[in-house]
Amino acid sequence: MSGNYIEVDPGVELFVQDVGVGEPIVFIPGFTFTTEVFEKQVDYFSKTNRVIVIDPRSHGRSTITVHGNDYVTHGSDLASVLKQLDVTNVTLVGWSFGCLTAWEYVKQYGTERMKSMVFVDMPPKSLSVQAEDWVEGALDDIAAIYTNSLRTPQGQREFIEAYITGVMIQRDLNKGELTWLVEQSMKTPYYIAGNLFASGMFSDYRKEAKQVYETLPTLTVVAEHWAETAVEFTKFLSLETKIEVLGGHMMFWEHAEKFNSILENFISLK
């Protein structure tokens, strides 16, 4: 996969794939994942659009750094990339923790450069004491992942493999597919994955999510396993966003044809 490197801090470069021409669509991967998970979207949309996919800092081919492994910095990194590429009128697509980057961008820069936004399967507040809220999981379970799993490479590998097979993908994966997906995550070292995990889990972007829903065309795509709670919570924040339910957490990869159709229809209507 060819691409460019863009410096966002002294000594910190982000790998950016930039292909196609037309209205820009920018994709941001989730926790520890890489540009490569969006290969099916790049292939499809680059025929009609300019498609930009970013490896966040310490992900994929971007610089591994001990500094800035949080979503406040990821938001400013995104702004730097968009500015240096001189990209405006963007449809921004965040997946999982990539949504946090998108909301943080809005917090710092407003909706500058944005035409529309797409949020793929991420609550704007990861933890809550309210039973009815859409959250990432129970506090004790999240704490166990942070204090136990993300302390060694083996722990990270076991955690991400279990998450892939239990939450991200609905069908049985063959060994090659599972190995490839795990390897994407493992490009981020465990000690950085822990920082990112904590930053994401303690984020609260409900204000920014509501702001975006009510000022820009937005699409929220949620997985089937928590759809009832996710849809109700999203509608509670705002009735303005369009909501679709599809597959598991990585539905854009497993159900690429259906996801691409949903995204294409959204883009054509806005």
# chains A, B, ... in the order shown; residues from 1 in each chain; ligands from 1
>>> residues_around(residues="Ile192 of chain A", least_positions_apart="4", cutoff="7 Å", atoms="only C-alpha atoms", output="JSON list (two decimals) with N, CA and C atoms, in the first residue's frame")
[["chain", "number", "residue", "atom", "x", "y", "z"],
["A", 69, "ASN", "N", 0.17, 9.97, 22.98],
["A", 69, "ASN", "CA", -0.69, 8.82, 22.74],
["A", 69, "ASN", "C", -2.01, 8.98, 23.51],
["A", 188, "THR", "N", 1.21, -1.54, 17.23],
["A", 188, "THR", "CA", 1.26, -0.60, 18.34],
["A", 188, "THR", "C", 1.76, -1.34, 19.57],
["A", 196, "LEU", "N", -3.42, 4.53, 25.17],
["A", 196, "LEU", "CA", -4.55, 4.83, 24.30],
["A", 196, "LEU", "C", -5.86, 4.30, 24.87]]
>>> select_by_dssp(residues="segment 135-252 of chain A", states="alpha helix (DSSP H)", output="mmCIF file with C-alpha atoms, in the first residue's frame")
data_model
loop_
_atom_site.group_PDB
_atom_site.id
_atom_site.type_symbol
_atom_site.label_atom_id
_atom_site.label_comp_id
_atom_site.auth_asym_id
_atom_site.auth_seq_id
_atom_site.Cartn_x
_atom_site.Cartn_y
_atom_site.Cartn_z
ATOM 1 C CA LEU A 139 -16.136 -0.696 34.775
ATOM 2 C CA ASP A 140 -14.640 -3.816 36.355
ATOM 3 C CA ASP A 141 -14.200 -5.474 32.950
ATOM 4 C CA ILE A 142 -12.555 -2.390 31.461
ATOM 5 C CA ALA A 143 -10.273 -2.046 34.476
ATOM 6 C CA ALA A 144 -9.205 -5.698 34.144
ATOM 7 C CA ILE A 145 -8.232 -5.186 30.512
ATOM 8 C CA TYR A 146 -6.101 -2.187 31.430
ATOM 9 C CA THR A 147 -4.446 -3.650 34.537
ATOM 10 C CA PRO A 153 2.768 -8.195 24.372
ATOM 11 C CA GLN A 154 1.202 -11.579 25.089
ATOM 12 C CA GLY A 155 -1.615 -9.966 27.048
ATOM 13 C CA GLN A 156 -2.289 -7.476 24.264
ATOM 14 C CA ARG A 157 -2.279 -10.279 21.676
ATOM 15 C CA GLU A 158 -4.694 -12.416 23.681
ATOM 16 C CA PHE A 159 -6.998 -9.477 24.350
ATOM 17 C CA ILE A 160 -7.179 -8.318 20.760
ATOM 18 C CA GLU A 161 -7.665 -11.860 19.432
ATOM 19 C CA ALA A 162 -10.571 -12.409 21.814
ATOM 20 C CA TYR A 163 -12.045 -9.028 20.864
ATOM 21 C CA LYS A 175 -6.204 -18.664 10.502
ATOM 22 C CA GLY A 176 -4.698 -16.302 7.929
ATOM 23 C CA GLU A 177 -7.422 -13.682 8.405
ATOM 24 C CA LEU A 178 -7.167 -13.786 12.188
ATOM 25 C CA THR A 179 -3.376 -13.593 12.122
ATOM 26 C CA TRP A 180 -3.498 -10.603 9.770
ATOM 27 C CA LEU A 181 -5.976 -8.722 11.953
ATOM 28 C CA VAL A 182 -4.023 -9.413 15.137
ATOM 29 C CA GLU A 183 -0.808 -8.291 13.441
ATOM 30 C CA GLN A 184 -2.405 -4.952 12.511
ATOM 31 C CA SER A 185 -3.069 -4.256 16.193
ATOM 32 C CA MET A 186 0.321 -5.492 17.370
ATOM 33 C CA TYR A 190 1.556 -2.823 24.440
ATOM 34 C CA TYR A 191 2.794 0.069 26.600
ATOM 35 C CA ILE A 192 1.321 2.562 24.126
ATOM 36 C CA ALA A 193 -1.850 0.530 23.680
ATOM 37 C CA GLY A 194 -2.396 0.892 27.422
ATOM 38 C CA ASN A 195 -2.123 4.678 27.206
ATOM 39 C CA LEU A 196 -4.552 4.827 24.296
ATOM 40 C CA PHE A 197 -6.982 2.489 26.022
ATOM 41 C CA ALA A 198 -7.082 4.614 29.175
ATOM 42 C CA SER A 199 -7.401 7.838 27.191
ATOM 43 C CA GLY A 200 -10.300 6.435 25.209
ATOM 44 C CA MET A 201 -12.119 4.899 28.143
ATOM 45 C CA ARG A 206 -21.341 13.797 24.410
ATOM 46 C CA LYS A 207 -21.323 17.576 23.998
ATOM 47 C CA GLU A 208 -19.306 17.398 20.769
ATOM 48 C CA ALA A 209 -21.394 14.508 19.415
ATOM 49 C CA LYS A 210 -24.591 16.471 19.983
ATOM 50 C CA GLN A 211 -23.011 19.555 18.387
ATOM 51 C CA VAL A 212 -22.031 17.616 15.277
ATOM 52 C CA TYR A 213 -25.364 15.804 14.998
ATOM 53 C CA GLU A 214 -27.193 19.140 15.003
ATOM 54 C CA THR A 215 -24.898 21.168 12.739
ATOM 55 C CA ALA A 227 -28.037 -1.897 18.678
ATOM 56 C CA GLU A 228 -31.057 -1.376 20.919
ATOM 57 C CA THR A 229 -29.072 0.488 23.568
ATOM 58 C CA ALA A 230 -26.903 2.337 21.032
ATOM 59 C CA VAL A 231 -29.822 3.563 18.934
ATOM 60 C CA GLU A 232 -31.819 4.702 21.963
ATOM 61 C CA PHE A 233 -28.833 6.528 23.461
ATOM 62 C CA THR A 234 -27.931 8.209 20.172
ATOM 63 C CA LYS A 235 -31.508 9.373 19.657
ATOM 64 C CA PHE A 236 -31.516 10.707 23.217
ATOM 65 C CA LEU A 237 -28.538 12.910 22.335
ATOM 66 C CA MET A 251 -18.830 -4.466 9.842
ATOM 67 C CA PHE A 252 -17.181 -2.263 7.200
#
>>> closest_atom_pairs(of="segment 19-49 of chain A", to="segment 59-63 of chain A", cutoff="9 Å", atoms="only C-alpha atoms", output="Markdown table")
| residue | atom | partner | partner_atom | distance |
| --- | --- | --- | --- | --- |
| A:Phe31 | CA | A:His59 | CA | 8.6 |
| A:Thr32 | CA | A:His59 | CA | 5.7 |
| A:Phe33 | CA | A:His59 | CA | 6.5 |
| A:Thr34 | CA | A:Gly60 | CA | 5.0 |
| A:Thr35 | CA | A:Gly60 | CA | 7.3 |
| A:Glu36 | CA | A:Gly60 | CA | 8.5 |
>>> write_last_selection(atoms="N, CA and C atoms", output="CSV table (one decimal), in the first residue's frame")
chain,number,residue,atom,x,y,z
A,31,PHE,N,-8.7,1.8,17.7
A,31,PHE,CA,-7.7,1.5,18.7
A,31,PHE,C,-6.7,0.5,18.2
A,32,THR,N,-5.5,0.9,18.0
A,32,THR,CA,-4.3,0.1,17.5
A,32,THR,C,-4.4,-0.4,16.1
A,33,PHE,N,-5.4,-0.1,15.4
A,33,PHE,CA,-5.6,-0.6,14.0
A,33,PHE,C,-5.0,0.4,13.0
A,34,THR,N,-5.0,0.0,11.7
A,34,THR,CA,-4.2,0.7,10.7
A,34,THR,C,-5.0,1.0,9.5
A,35,THR,N,-4.4,1.8,8.6
A,35,THR,CA,-5.0,2.1,7.3
A,35,THR,C,-5.5,0.9,6.6
A,36,GLU,N,-4.8,-0.2,6.7
A,36,GLU,CA,-5.1,-1.4,5.9
A,36,GLU,C,-6.5,-2.0,6.1
>>> residues_around(residues="Cys99 of chain A", least_positions_apart="6", cutoff="9 Å", atoms="only C-alpha atoms", output="mmCIF file with C-alpha atoms, in the first residue's frame")
data_model
loop_
_atom_site.group_PDB
_atom_site.id
_atom_site.type_symbol
_atom_site.label_atom_id
_atom_site.label_comp_id
_atom_site.auth_asym_id
_atom_site.auth_seq_id
_atom_site.Cartn_x
_atom_site.Cartn_y
_atom_site.Cartn_z
ATOM 1 C CA ILE A 28 -9.567 7.069 10.763
ATOM 2 C CA PRO A 29 -9.020 3.561 12.177
ATOM 3 C CA GLY A 30 -9.788 2.512 15.723
ATOM 4 C CA VAL A 93 -15.336 8.609 8.858
ATOM 5 C CA VAL A 118 -19.703 9.350 9.980
ATOM 6 C CA PHE A 119 -19.313 7.609 13.343
ATOM 7 C CA VAL A 120 -18.845 3.851 13.259
ATOM 8 C CA ASP A 121 -19.793 1.960 16.418
ATOM 9 C CA MET A 122 -18.465 4.075 19.272
ATOM 10 C CA PRO A 123 -20.339 5.679 22.172
ATOM 11 C CA PRO A 124 -19.262 9.286 22.811
#
>>> closest_residue(among="A:Asn260, A:Thr91, A:Thr48, A:Thr101", to="Ala79 of chain A", atoms="only C-alpha atoms")
A:Thr101
>>> residues_around(residues="His67 of chain A", least_positions_apart="5", cutoff="10 Å", atoms="only C-alpha atoms", output="list in words")
Asp9, Val12, Arg57, Ser58, Thr73 and Ile192 of chain A
>>> closest_residue(among="A:Gly11, A:Gly68, A:Gly137, A:Pro24", to="Leu82 of chain A", atoms="only C-alpha atoms")
A:Pro24
>>> residues_around(residues="Gln84 of chain A", least_positions_apart="3", cutoff="10 Å", atoms="only C-alpha atoms", output="list in words")
Ile6, Glu7, Val8, Leu78, Ala79, Ser80, Val81 and Val87 of chain A
>>> select_by_dssp(residues="segment 76-115 of chain A", states="strand (DSSP E or B)", output="number ranges by chain")
A: 90-95, 114-115
>>> write_last_selection(atoms="N, CA and C atoms", output="compact mmCIF listing (two decimals), in the first residue's frame")
# COMPACT_ATOMS: atom_id res chain seq x y z
N VAL A 90 -14.78 17.90 3.73
CA VAL A 90 -14.45 16.50 4.03
C VAL A 90 -15.67 15.75 4.56
N THR A 91 -15.82 14.51 4.10
CA THR A 91 -16.64 13.53 4.81
C THR A 91 -15.68 12.73 5.67
N LEU A 92 -15.77 12.90 6.99
CA LEU A 92 -14.84 12.27 7.91
C LEU A 92 -15.49 11.02 8.51
N VAL A 93 -14.81 9.88 8.37
CA VAL A 93 -15.34 8.61 8.86
C VAL A 93 -14.42 8.09 9.95
N GLY A 94 -14.91 8.06 11.19
CA GLY A 94 -14.15 7.49 12.29
C GLY A 94 -14.73 6.16 12.70
N TRP A 95 -13.84 5.20 12.92
CA TRP A 95 -14.27 3.89 13.40
C TRP A 95 -13.78 3.68 14.83
N MET A 114 -15.12 20.44 7.52
CA MET A 114 -16.02 19.30 7.45
C MET A 114 -17.27 19.59 6.61
N LYS A 115 -17.64 18.61 5.80
CA LYS A 115 -18.92 18.65 5.10
C LYS A 115 -19.93 17.75 5.79
>>> atom_distance(atom1="atom CA of Ala102 of chain A", atom2="atom CA of His225 of chain A")
23.5 Å
>>> residues_around(residues="Phe45 of chain A", least_positions_apart="5", cutoff="9 Å", atoms="only C-alpha atoms", output="list of chain:residue names")
A:Gly20, A:Ile25, A:Lys40, A:Arg50, A:Val51, A:Asn260, A:Glu264
>>> write_last_selection(atoms="N, CA and C atoms", output="CSV table (one decimal), in the first residue's frame")
chain,number,residue,atom,x,y,z
A,20,GLY,N,-7.1,8.7,-5.5
A,20,GLY,CA,-8.4,9.1,-6.2
A,20,GLY,C,-8.5,10.6,-6.2
A,25,ILE,N,-13.0,11.9,1.2
A,25,ILE,CA,-13.5,11.0,2.3
A,25,ILE,C,-12.2,10.7,3.1
A,40,LYS,N,-11.0,-2.2,1.6
A,40,LYS,CA,-12.2,-2.4,0.8
A,40,LYS,C,-12.9,-1.1,0.5
A,50,ARG,N,-11.7,11.3,-3.7
A,50,ARG,CA,-10.4,11.3,-3.1
A,50,ARG,C,-10.5,10.7,-1.8
A,51,VAL,N,-9.7,9.6,-1.6
A,51,VAL,CA,-9.8,8.8,-0.3
A,51,VAL,C,-8.5,9.0,0.4
A,260,ASN,N,-20.5,-0.2,2.3
A,260,ASN,CA,-20.1,0.8,1.2
A,260,ASN,C,-21.4,1.4,0.6
A,264,GLU,N,-22.2,5.2,0.7
A,264,GLU,CA,-22.4,5.9,-0.6
A,264,GLU,C,-23.7,6.6,-0.7
>>> closest_residue(among="A:Leu150, A:Leu246, A:Leu239, A:Ala138", to="Ile169 of chain A", atoms="only C-alpha atoms")
A:Leu246
